[in-house]
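Here is the structure we will look at, set down as structure tokens.
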Amino acid sequence: MESNISTKAKTDFQSRLHLPQCQSTNDELQKRLSEPNSELPEGFILSTDHQSAGRGQRGAVWESQSGQNLLFSLYLKPAFLPMKHAFWLSAAVAAAIRLALEEMGVNLKVKWPNDLLAGDAKIGGILIENATSGTHVERSVAGIGLNINQLQLPPGACSMSTLTGETFNRDSVLQKIRESIFLQYHILRTGGWEKTRSGYYAGLYRMGTVHSYFLPDGTAFSAILKGITEEGQLVLLTQNGEKRFRFKEVTFDRTKGLE
């Protein structure tokens with residue numbers, strides 16, 4: 001099935017609902033998509049200034065100072081994507097955000113599966129929720145939180161402003177990210193995992209280097225991050241050979257998981 005999204009996204013930006021506050025942009029968008037006769041177009045964005053219950057992966061809480069950052073969810077219909085390869089969409093979105101911010105002078109890495117880092121500090125995250133039809137993805141809601149102008153941040157976090165000393169127009173940043181996502185979405189739809197993987201690997205945190213990793217029981221081991229499988233598993237080369245891990249089966253830090 002062909003997507004209706006333009007790769008340039010110049011005329012689509014009116015397809016947006018902005019709320020002063022909400023519980024969660026993903027929840028709000030999902031609710032609207034579930035309404036009878038919902039006719040929201042692919043590419044629709046629901047954004048907010050403040051989330052009272054923002055969510056990260058597996059129930060983690062996303063906290064953000066009101067009116068300072070980007071908090072939004074994007075509606076996509078990747079019917080071309082088998083559910084077993086749903087991670088490809090996450091990789092495409094992560095690569096798109098990294099490339100968009102790079103154009104604005106902020107260099108990012110993507111920490112598997114979908115945290116956004118500057119150095120070792122977290123600047124944002126992605127939560128994609130999918131609905132299926134048979135063996136394929138019927139619709140996706142991509143929730144994105146990105147620290148833009150917030151200056152007071154918890155330890156281990158950063159924002160575009162703390163990195164550059166500048167204040168950014170959030171709508172302009174959103175537009176650039178949206179255009180970049182549409183481009184990477186087009187690349188995924190036409191080029192599949194091979195092209196998307198190269199963009200994801202280009203900014204993958206710890207790619208090809210030796211670091212310590214930790215099992216859920218706290219056991220530490222050294223490994224080289226070799227890559228990601230088509231199903232989204234982390235591939236680590238250990239002294240005992242190649243090992244593959246699903247989300248939450250291994251962490252990058254002894255005291256902090258991957259959320």
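In the structure tokens, the first chain shown is A, the next is B, and so on; residue numbers restart at 1 for each chain, and ligands run from 1 in the order shown.
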Name all residues at most 12 Å from Arg16 of chain A (count only C-alpha atoms; drop same-chain ones fewer than 2 positions away) and give them as a compact mmCIF listing (two decimals) with C-alpha atoms, in the first residue's frame.
# COMPACT_ATOMS: atom_id res chain seq x y z
CA THR A 11 1.70 21.51 2.71
CA ASP A 12 0.88 19.02 5.44
CA PHE A 13 1.86 21.02 8.52
CA GLN A 14 -1.70 22.25 9.06
CA HIS A 18 -1.88 21.44 19.79
CA LEU A 19 -3.16 21.09 23.35
CA THR A 25 0.15 12.77 23.50
CA LEU A 29 -3.90 10.56 19.66
CA LEU A 40 -7.27 11.79 10.75
CA PRO A 41 -4.80 11.89 7.84
CA GLU A 42 -1.50 10.05 7.87
CA GLY A 43 1.11 12.51 9.09
CA PHE A 44 -1.24 14.10 11.63
CA ILE A 45 0.52 15.47 14.73
CA LEU A 46 -0.85 15.96 18.22
CA SER A 47 1.42 18.14 20.38
CA THR A 48 1.30 19.67 23.82
CA PHE A 72 4.27 15.29 20.25
CA SER A 73 2.89 12.17 18.62
CA LEU A 74 2.83 11.46 14.89
CA TYR A 75 0.32 9.21 13.13
CA ASP A 171 7.57 25.03 15.95
CA LEU A 174 9.14 20.42 14.95
CA GLN A 175 8.74 21.26 11.27
CA ARG A 178 8.66 16.25 10.69
One number please: atom CA of Leu151 of chain A to atom CA of Ile128 of chain A, in Å, one decimal.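 Interatomic distance, atom CA of Leu151 of chain A to atom CA of Ile128 of chain A: 26.8 Å.
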Report as a PyMOL selection string all protein, DNA and RNA residues lying within 8 Å of His136 of chain A, evaluated on only C-alpha atoms, omitting residues in the same chain fewer than 6 positions from it. chain A and resi 79-83
Test item: residues at most 8 Å from segment 93-105 of chain A, only C-alpha atoms, excluding those fewer than 2 positions along its chain, as a ChimeraX atom specification: /A:89-91,107-110,114,116,126,164,176-177,180-181,183-185,199-200,203
Output the selection as a PDB file, in the first residue's frame - C-alpha atoms for each residue.
ATOM      1  CA  LEU A  89      10.086   2.251  11.869  1.00  0.00           C
ATOM      2  CA  SER A  90      11.651   3.126  15.216  1.00  0.00           C
ATOM      3  CA  ALA A  91      15.089   3.093  13.593  1.00  0.00           C
ATOM      4  CA  ASN A 107      25.177  16.171  17.295  1.00  0.00           C
ATOM      5  CA  LEU A 108      23.295  13.172  18.624  1.00  0.00           C
ATOM      6  CA  LYS A 109      23.716   9.451  19.089  1.00  0.00           C
ATOM      7  CA  VAL A 110      20.885   6.934  19.237  1.00  0.00           C
ATOM      8  CA  ASN A 114      15.448   4.607  20.841  1.00  0.00           C
ATOM      9  CA  LEU A 116      18.531  10.164  21.975  1.00  0.00           C
ATOM     10  CA  ILE A 126      10.835   7.825  21.291  1.00  0.00           C
ATOM     11  CA  THR A 164      24.372  25.425  22.203  1.00  0.00           C
ATOM     12  CA  LYS A 176      12.316  20.278  10.501  1.00  0.00           C
ATOM     13  CA  ILE A 177      11.952  17.004  12.422  1.00  0.00           C
ATOM     14  CA  SER A 180      13.115  14.586   8.168  1.00  0.00           C
ATOM     15  CA  ILE A 181      10.828  11.816   9.450  1.00  0.00           C
ATOM     16  CA  LEU A 183      12.001  11.573   4.197  1.00  0.00           C
ATOM     17  CA  GLN A 184      13.299   8.629   6.255  1.00  0.00           C
ATOM     18  CA  TYR A 185       9.833   7.060   6.143  1.00  0.00           C
ATOM     19  CA  GLY A 199      21.204   5.626   8.679  1.00  0.00           C
ATOM     20  CA  TYR A 200      20.543   4.139  12.107  1.00  0.00           C
ATOM     21  CA  GLY A 203      24.548   7.448  14.770  1.00  0.00           C
TER      22      GLY A 203
END
Filtered DSSP result for segment 174-225 of chain A, state strand (DSSP E), as a ChimeraX atom specification: /A:210-214,220-225
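Between atom CA of Gln51 of chain A and atom CA of Glu28 of chain A lies a distance of 10.5 Å.
The smallest atom-to-atom distance between Lys84 of chain A and any of A:Pro154, A:Gly134, A:Gly191, A:Gly145, using only C-alpha atoms, is found for A:Gly134.
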Alpha helix (DSSP H) call set, DSSP backbone run, segment 72-174 of chain A, as an MDAnalysis selection string: chainID A and resid 87:103 160:164 170:174
Computed interatomic separation between atom CA of Ser140 of chain A and atom CA of Leu76 of chain A (Å):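 That distance, rounded to one decimal, is 5.1 Å.
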Using only C-alpha atoms, which residues sit within 7 Å of segment 243-254 of chain A once same-chain residues fewer than 3 positions away are excluded, as a ChimeraX atom specification? /A:213-216,218,233-238,257-258
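Surrounding segment 206-211 of chain A within 6 Å are Ser222, Ala223, Ile224, Leu225 and Lys226 of chain A, with only C-alpha atoms counted and residues fewer than 5 positions along the same chain left out.
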For C-alpha atoms, I'd like the residues from the last selection saved as a short mmCIF file (atom, residue, chain, number, x, y, z; two decimals), in the first residue's frame.
data_model
loop_
_atom_site.label_atom_id
_atom_site.label_comp_id
_atom_site.auth_asym_id
_atom_site.auth_seq_id
_atom_site.Cartn_x
_atom_site.Cartn_y
_atom_site.Cartn_z
CA SER A 222 32.58 -6.61 28.20
CA ALA A 223 31.41 -6.63 24.61
CA ILE A 224 31.57 -4.88 21.27
CA LEU A 225 28.27 -3.56 19.93
CA LYS A 226 28.14 -5.24 16.55
#
